[in-house]
file protein-v8.txt (compact mmCIF, C-alpha atoms and all ligand atoms)
# COMPACT_ATOMS: atom_id res chain seq x y z
CA MET A 1 -48.04 28.90 33.32
CA THR A 2 -47.75 25.31 32.15
CA SER A 3 -44.33 24.47 30.87
CA VAL A 4 -44.30 22.26 27.80
CA SER A 5 -41.33 20.75 26.12
CA LEU A 6 -40.70 22.41 22.75
CA ALA A 7 -39.31 20.42 19.85
CA PRO A 8 -35.72 21.45 19.32
CA LEU A 9 -34.98 23.45 16.18
CA GLY A 10 -32.44 21.56 14.07
CA ILE A 11 -29.64 23.58 12.50
CA ILE A 12 -27.21 21.95 10.07
CA ALA A 13 -24.35 24.09 8.86
CA GLY A 14 -21.20 23.50 6.91
CA THR A 15 -18.19 25.40 5.74
CA GLY A 16 -17.26 28.18 8.16
CA PHE A 17 -19.90 27.31 10.76
CA TYR A 18 -18.47 24.87 13.28
CA ASP A 19 -20.09 25.99 16.50
CA LEU A 20 -22.93 28.26 17.43
CA GLU A 21 -21.63 30.81 19.90
CA ALA A 22 -25.19 31.96 20.52
CA LEU A 23 -26.10 28.67 22.19
CA ASP A 24 -26.49 28.74 25.97
CA ASP A 25 -25.75 25.62 28.03
CA ALA A 26 -24.27 23.94 24.97
CA HIS A 27 -23.20 20.33 25.28
CA THR A 28 -22.12 18.01 22.51
CA GLU A 29 -23.17 14.38 22.39
CA THR A 30 -22.64 11.50 20.01
CA VAL A 31 -25.95 10.21 18.76
CA GLU A 32 -26.11 6.61 17.54
CA THR A 33 -28.53 5.77 14.76
CA ALA A 34 -29.23 2.78 12.55
CA TYR A 35 -27.11 4.54 9.91
CA GLY A 36 -24.10 5.39 12.03
CA THR A 37 -23.22 8.08 14.56
CA THR A 38 -23.20 11.84 14.41
CA SER A 39 -22.17 14.58 16.77
CA VAL A 40 -24.94 16.93 17.88
CA THR A 41 -24.55 20.05 20.03
CA ARG A 42 -27.63 20.84 22.05
CA GLY A 43 -28.35 24.08 23.83
CA SER A 44 -30.80 26.94 23.90
CA TRP A 45 -31.07 30.14 21.89
CA HIS A 46 -33.43 32.82 23.14
CA GLY A 47 -34.75 30.09 25.42
CA GLN A 48 -35.58 27.83 22.48
CA PRO A 49 -34.05 24.36 22.35
CA VAL A 50 -31.66 23.86 19.45
CA ALA A 51 -29.86 20.79 18.10
CA PHE A 52 -26.88 21.82 15.97
CA VAL A 53 -24.84 19.66 13.59
CA ALA A 54 -21.62 20.74 11.88
CA ARG A 55 -21.94 18.51 8.81
CA HIS A 56 -18.21 18.43 8.06
CA GLY A 57 -17.38 17.82 11.72
CA LEU A 58 -15.29 20.01 13.97
CA GLY A 59 -12.18 21.15 12.12
CA HIS A 60 -13.86 20.43 8.77
CA LYS A 61 -12.51 16.86 8.57
CA VAL A 62 -15.30 15.26 6.52
CA PRO A 63 -15.46 16.08 2.79
CA PRO A 64 -18.88 16.62 1.21
CA HIS A 65 -19.06 13.23 -0.54
CA ARG A 66 -18.29 11.43 2.76
CA VAL A 67 -20.76 13.22 5.03
CA ASN A 68 -23.11 10.68 6.62
CA TYR A 69 -26.30 12.51 5.68
CA ARG A 70 -28.54 9.66 6.80
CA ALA A 71 -27.03 9.59 10.30
CA ILE A 72 -27.40 13.38 10.62
CA ILE A 73 -31.05 13.46 9.62
CA ARG A 74 -31.96 10.31 11.56
CA ALA A 75 -30.21 11.66 14.67
CA LEU A 76 -32.11 14.95 14.52
CA ALA A 77 -35.43 13.18 13.94
CA ASP A 78 -34.70 10.81 16.84
CA LEU A 79 -34.00 13.82 19.09
CA GLY A 80 -37.50 15.10 18.37
CA VAL A 81 -36.54 17.80 15.86
CA ARG A 82 -39.35 18.77 13.51
CA ASP A 83 -37.90 21.82 11.72
CA VAL A 84 -34.41 22.05 10.23
CA ILE A 85 -32.64 25.14 8.99
CA ALA A 86 -29.65 24.31 6.83
CA VAL A 87 -26.84 26.62 5.82
CA ASN A 88 -25.00 25.88 2.57
CA VAL A 89 -22.07 27.83 1.22
CA THR A 90 -22.22 28.00 -2.56
CA GLY A 91 -20.83 29.34 -5.82
CA GLY A 92 -23.09 31.54 -7.95
CA ILE A 93 -24.16 29.95 -11.24
CA ASP A 94 -26.55 32.74 -12.15
CA SER A 95 -24.38 35.73 -13.00
CA ASP A 96 -26.92 38.01 -11.29
CA VAL A 97 -26.16 36.37 -7.96
CA GLU A 98 -23.11 37.92 -6.35
CA ALA A 99 -20.65 36.74 -3.74
CA GLY A 100 -21.86 37.77 -0.29
CA GLU A 101 -25.55 37.43 -1.15
CA LEU A 102 -27.99 35.13 0.65
CA VAL A 103 -30.46 32.91 -1.17
CA CYS A 104 -33.46 31.17 0.41
CA LEU A 105 -33.54 28.03 -1.74
CA ASP A 106 -36.74 26.69 -3.23
CA ASP A 107 -35.64 23.76 -5.40
CA PHE A 108 -32.65 21.62 -6.27
CA LEU A 109 -30.97 19.62 -9.01
CA ASP A 110 -29.11 16.49 -7.99
CA PHE A 111 -25.90 16.02 -9.98
CA THR A 112 -24.39 13.60 -7.44
CA HIS A 113 -23.72 9.92 -8.00
CA GLY A 114 -23.82 6.96 -5.66
CA ARG A 115 -24.57 8.77 -2.39
CA GLU A 116 -26.61 6.93 0.26
CA GLY A 117 -29.69 8.99 -0.54
CA THR A 118 -32.72 7.32 0.95
CA PHE A 119 -34.20 5.78 4.08
CA HIS A 120 -36.42 3.65 1.84
CA ASP A 121 -34.29 0.87 0.41
CA GLY A 122 -37.27 -1.41 0.04
CA ASP A 123 -36.19 -3.53 3.01
CA GLY A 124 -38.47 -1.93 5.61
CA PRO A 125 -42.03 -2.87 6.55
CA GLU A 126 -43.34 -0.04 4.34
CA GLY A 127 -41.92 -1.64 1.18
CA VAL A 128 -41.24 0.65 -1.76
CA VAL A 129 -41.82 4.32 -0.96
CA HIS A 130 -41.77 7.24 -3.41
CA THR A 131 -41.58 10.59 -1.61
CA ASP A 132 -42.96 13.77 -3.18
CA MET A 133 -40.38 16.54 -3.68
CA THR A 134 -42.64 19.23 -5.14
CA THR A 135 -41.94 21.51 -2.18
CA ALA A 136 -38.80 19.95 -0.75
CA TYR A 137 -37.90 23.24 0.96
CA ASP A 138 -40.79 23.80 3.32
CA PRO A 139 -42.81 26.88 2.32
CA LEU A 140 -43.74 27.85 5.89
CA LEU A 141 -40.18 27.57 7.17
CA ARG A 142 -38.97 29.49 4.11
CA GLY A 143 -41.50 32.16 5.02
CA GLU A 144 -40.06 32.38 8.54
CA ILE A 145 -36.56 32.85 7.10
CA LEU A 146 -37.71 35.54 4.67
CA ASP A 147 -39.67 37.35 7.39
CA ALA A 148 -36.70 37.21 9.76
CA ALA A 149 -34.38 38.62 7.10
CA SER A 150 -36.87 41.36 6.27
CA SER A 151 -37.28 42.29 9.97
CA ILE A 152 -33.57 42.96 10.36
CA GLY A 153 -33.14 44.55 6.93
CA GLN A 154 -30.96 41.74 5.61
CA PRO A 155 -31.45 41.27 1.85
CA ILE A 156 -32.08 37.68 0.80
CA ILE A 157 -33.09 36.33 -2.60
CA ASP A 158 -36.46 34.60 -2.39
CA GLY A 159 -35.97 31.37 -4.31
CA GLY A 160 -33.10 29.68 -6.06
CA VAL A 161 -32.20 26.28 -7.43
CA TYR A 162 -29.32 24.55 -5.64
CA VAL A 163 -27.29 22.31 -7.91
CA CYS A 164 -25.50 19.63 -5.93
CA PHE A 165 -22.24 18.27 -7.31
CA ASP A 166 -20.22 15.50 -5.68
CA GLY A 167 -17.04 17.43 -5.08
CA PRO A 168 -14.71 17.70 -3.38
CA ARG A 169 -13.23 19.23 -6.52
CA PHE A 170 -14.85 22.36 -7.87
CA GLU A 171 -16.79 22.11 -11.11
CA THR A 172 -15.57 22.75 -14.63
CA PRO A 173 -16.91 25.76 -16.53
CA ALA A 174 -18.73 23.33 -18.85
CA GLU A 175 -20.45 21.65 -15.89
CA ILE A 176 -21.54 25.04 -14.63
CA ARG A 177 -22.85 26.03 -18.09
CA LEU A 178 -24.88 22.81 -18.13
CA ALA A 179 -26.23 23.58 -14.65
CA ALA A 180 -27.14 27.10 -15.78
CA LEU A 181 -29.00 25.73 -18.81
CA ALA A 182 -30.90 23.43 -16.45
CA GLY A 183 -32.02 26.40 -14.37
CA GLY A 184 -29.47 26.28 -11.56
CA THR A 185 -28.88 29.33 -9.39
CA VAL A 186 -26.08 28.21 -7.07
CA ALA A 187 -23.64 25.28 -6.91
CA GLY A 188 -22.74 23.32 -3.81
CA MET A 189 -21.70 19.85 -2.70
CA THR A 190 -23.84 19.07 0.35
CA GLY A 191 -27.48 20.09 -0.18
CA VAL A 192 -28.54 16.71 -1.58
CA PRO A 193 -29.37 14.17 -0.19
CA GLU A 194 -29.60 16.19 3.03
CA VAL A 195 -32.83 17.87 1.91
CA THR A 196 -34.40 14.72 0.45
CA LEU A 197 -33.63 12.65 3.54
CA ALA A 198 -35.18 15.34 5.72
CA VAL A 199 -38.35 15.22 3.64
CA GLU A 200 -38.37 11.41 3.78
CA ALA A 201 -38.03 11.63 7.55
CA GLY A 202 -41.05 13.93 7.72
CA LEU A 203 -39.04 16.98 8.80
CA ARG A 204 -39.69 20.52 7.63
CA TYR A 205 -36.43 21.66 6.03
CA ALA A 206 -35.37 25.01 4.58
CA ALA A 207 -31.96 26.28 3.55
CA ILE A 208 -30.11 29.56 3.50
CA SER A 209 -27.36 29.62 0.94
CA LEU A 210 -24.45 32.02 1.35
CA VAL A 211 -22.85 32.65 -2.05
CA VAL A 212 -19.08 32.95 -1.61
CA ASN A 213 -17.75 32.94 -5.18
CA PRO A 214 -18.84 33.02 -8.80
CA ALA A 215 -18.95 29.35 -9.88
CA ALA A 216 -16.27 28.16 -12.29
CA GLY A 217 -16.20 30.21 -15.48
CA VAL A 218 -18.97 32.60 -14.41
CA GLY A 219 -17.99 36.15 -15.31
CA SER A 220 -14.31 35.34 -15.79
CA ALA A 221 -11.89 32.52 -16.44
CA GLU A 222 -10.11 33.12 -13.12
CA PRO A 223 -9.57 30.04 -10.93
CA ILE A 224 -11.64 29.88 -7.74
CA SER A 225 -9.47 31.33 -5.00
CA MET A 226 -9.88 29.81 -1.53
CA ASP A 227 -8.52 33.04 -0.02
CA ASP A 228 -11.20 35.13 -1.76
CA LEU A 229 -13.81 32.58 -0.76
CA ASP A 230 -12.69 32.64 2.90
CA ALA A 231 -12.88 36.43 2.99
CA VAL A 232 -16.48 36.42 1.73
CA LEU A 233 -17.30 33.65 4.18
CA THR A 234 -15.91 35.67 7.09
CA SER A 235 -17.97 38.71 6.21
CA GLY A 236 -21.06 36.72 5.19
CA ALA A 237 -21.39 34.26 8.07
CA PRO A 238 -22.62 36.89 10.57
CA LYS A 239 -25.44 37.80 8.14
CA VAL A 240 -26.68 34.21 8.17
CA ILE A 241 -26.41 33.98 11.95
CA ALA A 242 -28.32 37.27 12.29
CA VAL A 243 -31.21 35.93 10.20
CA ILE A 244 -31.42 32.71 12.22
CA ASP A 245 -31.10 34.70 15.45
CA GLU A 246 -34.11 36.81 14.46
CA LEU A 247 -36.10 33.72 13.45
CA VAL A 248 -35.39 32.04 16.79
CA HIS A 249 -36.11 35.25 18.67
CA THR A 250 -39.46 35.60 16.87
CA ARG A 251 -40.30 32.02 17.79
CA SER A 252 -39.42 32.71 21.42
CA VAL A 253 -41.75 35.72 21.53
CA PHE A 254 -44.48 33.72 19.88
CA THR A 255 -44.17 30.78 22.24
CA ALA A 256 -44.07 33.12 25.27
CA ASP A 257 -47.23 34.88 24.01
CA GLU A 258 -48.89 31.52 23.58
CA GLY A 259 -48.10 30.71 27.18
CA HIS A 260 -45.78 27.94 26.10
CA GLY A 261 -42.55 29.68 26.93
CA PRO A 262 -39.91 28.11 29.10
CA ALA A 263 -40.97 28.02 32.76
C1 LIG A 301 -14.95 25.49 0.95
S1 LIG A 301 -15.94 25.65 -0.42
C2 LIG A 301 -16.63 24.05 -0.76
C3 LIG A 301 -17.41 23.44 0.37
O1 LIG A 301 -18.28 24.45 0.93
C4 LIG A 301 -19.60 24.02 0.82
O2 LIG A 301 -19.89 23.33 2.03
P1 LIG A 301 -21.27 23.45 2.82
O3 LIG A 301 -22.37 23.26 1.83
O4 LIG A 301 -21.22 22.38 3.84
O5 LIG A 301 -21.35 24.84 3.41
C5 LIG A 301 -19.59 23.11 -0.39
O6 LIG A 301 -20.72 22.27 -0.46
C6 LIG A 301 -18.32 22.37 -0.20
O7 LIG A 301 -18.45 21.30 0.71
O1 LIG A 302 -18.29 27.07 -6.66
C1 LIG A 302 -18.67 26.21 -5.85
N1 LIG A 302 -19.08 24.98 -6.25
C2 LIG A 302 -19.48 24.03 -5.37
N2 LIG A 302 -19.53 24.23 -4.07
C3 LIG A 302 -19.13 25.42 -3.60
N3 LIG A 302 -19.08 25.87 -2.36
C4 LIG A 302 -18.63 27.12 -2.39
N4 LIG A 302 -18.38 27.51 -3.66
C5 LIG A 302 -18.70 26.44 -4.44
call {"tool": "encode", "arguments": {"input": "protein-v8.txt", "output": "structure tokens", "more": "lines below"}}
Ligand SMILES: CSC[C@H]1O[C@H](OP(=O)(O)O)[C@H](O)[C@@H]1O
Ligand code: HPA
result
Amino acid sequence: MTSVSLAPLGIIAGTGFYDLEALDDAHTETVETAYGTTSVTRGSWHGQPVAFVARHGLGHKVPPHRVNYRAIIRALADLGVRDVIAVNVTGGIDSDVEAGELVCLDDFLDFTHGREGTFHDGDGPEGVVHTDMTTAYDPLLRGEILDAASSIGQPIIDGGVYVCFDGPRFETPAEIRLAALAGGTVAGMTGVPEVTLAVEAGLRYAAISLVVNPAAGVGSAEPISMDDLDAVLTSGAPKVIAVIDELVHTRSVFTADEGHGPA
């Protein structure tokens, strides 16, 4: 059997996901890019190479508005990653979406301001570039996530609009009502420009959102409780890992069948 080098699967995760225990031979390196440095943990999962980034850093030191999204995406692209699965913890805007549920996102609204959101500042050899965002979340990668969830019997909502706010404060009820009117499903603080930079970099990107609370003012006037949120995160994180585990496992079977498995 000829051994070929597989492109590593990129995984970017945030709140509650700081290392991937499933990774074998994990080692963390600092990757330098033209946009700054980022820390990437590389290892293998079911024999598949993986490059993992904890977007808030170990110990959750970096708030959402200060994450260096360009360095993260550039680093993964430079390491040869072609596909990225992102995990975003969110608040439910749509009252039908409950805490503990998973959503496979299919669109976004960008309510952020002033983030470094492009690789195309007009100063490169390519000049002015306008990147299509019609299917920002890659349909094929979304399909892999949905199939993986279905295979293990994990419910996941097929499609949802991620509304990205700057944070780090939570939103007001009025902001969430506006986002609901605009068609938002879930609220978060990190999904954009991560997704748009990935598309600009030519990566296939899809995101699993774990809903951990009703967004501000949804269903009740109760303040968002970090304790409640943490409890849902603790019970929900293994569901997300199980879906990704199945996706990676399926890929490993497929690559072995194709004769491209690890030697
Ligand atoms: C602790 S709740 C707010 C925090 O969680 C989300 O992070 P991530 O998307 O990285 O999972 C949200 O965007 C905020 O950064
Ligand atoms: O309600 C929320 N809003 C924004 N980001 C979040 N991340 C978890 N919950 C929320």
call {"tool": "residues_near_point", "arguments": {"input": "protein-v8.txt", "point": "(-30.4, 27.7, -9.5)", "cutoff": "9 Å", "atoms": "only C-alpha atoms", "output": "JSON, numbers by chain"}}
result
{"A": [92, 93, 94, 105, 106, 107, 108, 109, 159, 160, 161, 162, 163, 179, 180, 182, 183, 184, 185, 186, 187]}
call {"tool": "write_last_selection", "arguments": {"input": "protein-v8.txt", "atoms": "C-alpha atoms", "output": "short mmCIF file (atom, residue, chain, number, x, y, z; two decimals), in the coordinates of the input"}}
result
data_model
loop_
_atom_site.label_atom_id
_atom_site.label_comp_id
_atom_site.auth_asym_id
_atom_site.auth_seq_id
_atom_site.Cartn_x
_atom_site.Cartn_y
_atom_site.Cartn_z
CA GLY A 92 -23.09 31.54 -7.95
CA ILE A 93 -24.16 29.95 -11.24
CA ASP A 94 -26.55 32.74 -12.15
CA LEU A 105 -33.54 28.03 -1.74
CA ASP A 106 -36.74 26.69 -3.23
CA ASP A 107 -35.64 23.76 -5.40
CA PHE A 108 -32.65 21.62 -6.27
CA LEU A 109 -30.97 19.62 -9.01
CA GLY A 159 -35.97 31.37 -4.31
CA GLY A 160 -33.10 29.68 -6.06
CA VAL A 161 -32.20 26.28 -7.43
CA TYR A 162 -29.32 24.55 -5.64
CA VAL A 163 -27.29 22.31 -7.91
CA ALA A 179 -26.23 23.58 -14.65
CA ALA A 180 -27.14 27.10 -15.78
CA ALA A 182 -30.90 23.43 -16.45
CA GLY A 183 -32.02 26.40 -14.37
CA GLY A 184 -29.47 26.28 -11.56
CA THR A 185 -28.88 29.33 -9.39
CA VAL A 186 -26.08 28.21 -7.07
CA ALA A 187 -23.64 25.28 -6.91
#
call {"tool": "atom_distance", "arguments": {"input": "protein-v8.txt", "atom1": "atom N1 of ligand LIG 302 (chain A)", "atom2": "CA of Ala215 in chain A"}}
result
5.7 Å
call {"tool": "residues_near_ligand", "arguments": {"input": "protein-v8.txt", "ligand": "ligand LIG 302 (chain A)", "cutoff": "6 Å", "atoms": "all atoms listed in the file", "output": "MDAnalysis selection string"}}
result
chainID A and resid 89:91 170 187:189 212:213 215
call {"tool": "write_last_selection", "arguments": {"input": "protein-v8.txt", "atoms": "C-alpha atoms", "output": "mmCIF file, in the coordinates of the input"}}
result
data_model
loop_
_atom_site.group_PDB
_atom_site.id
_atom_site.type_symbol
_atom_site.label_atom_id
_atom_site.label_comp_id
_atom_site.auth_asym_id
_atom_site.auth_seq_id
_atom_site.Cartn_x
_atom_site.Cartn_y
_atom_site.Cartn_z
ATOM 1 C CA VAL A 89 -22.070 27.830 1.220
ATOM 2 C CA THR A 90 -22.220 28.000 -2.560
ATOM 3 C CA GLY A 91 -20.830 29.340 -5.820
ATOM 4 C CA PHE A 170 -14.850 22.360 -7.870
ATOM 5 C CA ALA A 187 -23.640 25.280 -6.910
ATOM 6 C CA GLY A 188 -22.740 23.320 -3.810
ATOM 7 C CA MET A 189 -21.700 19.850 -2.700
ATOM 8 C CA VAL A 212 -19.080 32.950 -1.610
ATOM 9 C CA ASN A 213 -17.750 32.940 -5.180
ATOM 10 C CA ALA A 215 -18.950 29.350 -9.880
#
call {"tool": "residues_around", "arguments": {"input": "protein-v8.txt", "residues": "range 63-74 of chain A", "least_positions_apart": "4", "cutoff": "8 Å", "atoms": "all atoms listed in the file", "output": "PyMOL selection string"}}
result
chain A and resi 32-38+53+55-56+78+115-119+166-168+189-190+193-194+197-198+201
call {"tool": "atom_distance", "arguments": {"input": "protein-v8.txt", "atom1": "CA of Cys104 in chain A", "atom2": "CA of Asp83 in chain A"}}
result
15.3 Å
call {"tool": "closest_residue", "arguments": {"input": "protein-v8.txt", "among": "A:Pro214, A:Gly153, A:Pro173, A:Gly202", "to": "ligand LIG 301 (chain A)", "atoms": "all atoms listed in the file"}}
result
A:Pro214
call {"tool": "residues_around", "arguments": {"input": "protein-v8.txt", "residues": "range 244-250 of chain A", "least_positions_apart": "2", "cutoff": "6 Å", "atoms": "only C-alpha atoms", "output": "PDB file with C-alpha atoms, in the coordinates of the input"}}
result
ATOM      1  CA  HIS A  46     -33.430  32.820  23.140  1.00  0.00           C
ATOM      2  CA  ALA A 148     -36.700  37.210   9.760  1.00  0.00           C
ATOM      3  CA  ILE A 241     -26.410  33.980  11.950  1.00  0.00           C
ATOM      4  CA  ALA A 242     -28.320  37.270  12.290  1.00  0.00           C
ATOM      5  CA  SER A 252     -39.420  32.710  21.420  1.00  0.00           C
ATOM      6  CA  VAL A 253     -41.750  35.720  21.530  1.00  0.00           C
TER       7      VAL A 253
END
call {"tool": "atom_distance", "arguments": {"input": "protein-v8.txt", "atom1": "CA of Gly127 in chain A", "atom2": "CA of Arg82 in chain A"}}
result
24.0 Å
call {"tool": "axis_aligned_box", "arguments": {"input": "protein-v8.txt", "around": "range 247-254 of chain A", "padding_each_side": "4 Å", "output": "JSON"}}
result
{"center_x": -39.9, "center_y": 33.9, "center_z": 17.5, "size_x": 17.1, "size_y": 11.7, "size_z": 16.1}
call {"tool": "residues_near_point", "arguments": {"input": "protein-v8.txt", "point": "(-21.1, 13.0, -10.9)", "cutoff": "9 Å", "atoms": "all atoms listed in the file", "output": "PyMOL selection string"}}
result
chain A and resi 111-114+165-167
call {"tool": "write_last_selection", "arguments": {"input": "protein-v8.txt", "atoms": "C-alpha atoms", "output": "mmCIF file, in the frame of the given file"}}
result
data_model
loop_
_atom_site.group_PDB
_atom_site.id
_atom_site.type_symbol
_atom_site.label_atom_id
_atom_site.label_comp_id
_atom_site.auth_asym_id
_atom_site.auth_seq_id
_atom_site.Cartn_x
_atom_site.Cartn_y
_atom_site.Cartn_z
ATOM 1 C CA PHE A 111 -25.900 16.020 -9.980
ATOM 2 C CA THR A 112 -24.390 13.600 -7.440
ATOM 3 C CA HIS A 113 -23.720 9.920 -8.000
ATOM 4 C CA GLY A 114 -23.820 6.960 -5.660
ATOM 5 C CA PHE A 165 -22.240 18.270 -7.310
ATOM 6 C CA ASP A 166 -20.220 15.500 -5.680
ATOM 7 C CA GLY A 167 -17.040 17.430 -5.080
#
call {"tool": "closest_residue", "arguments": {"input": "protein-v8.txt", "among": "A:Cys164, A:Leu140, A:Val84, A:Ala256", "to": "ligand LIG 301 (chain A)", "atoms": "only C-alpha atoms and all ligand atoms"}}
result
A:Cys164
call {"tool": "residues_around", "arguments": {"input": "protein-v8.txt", "residues": "Leu9 in chain A", "least_positions_apart": "2", "cutoff": "8 Å", "atoms": "all atoms listed in the file", "output": "count of residues only"}}
result
11
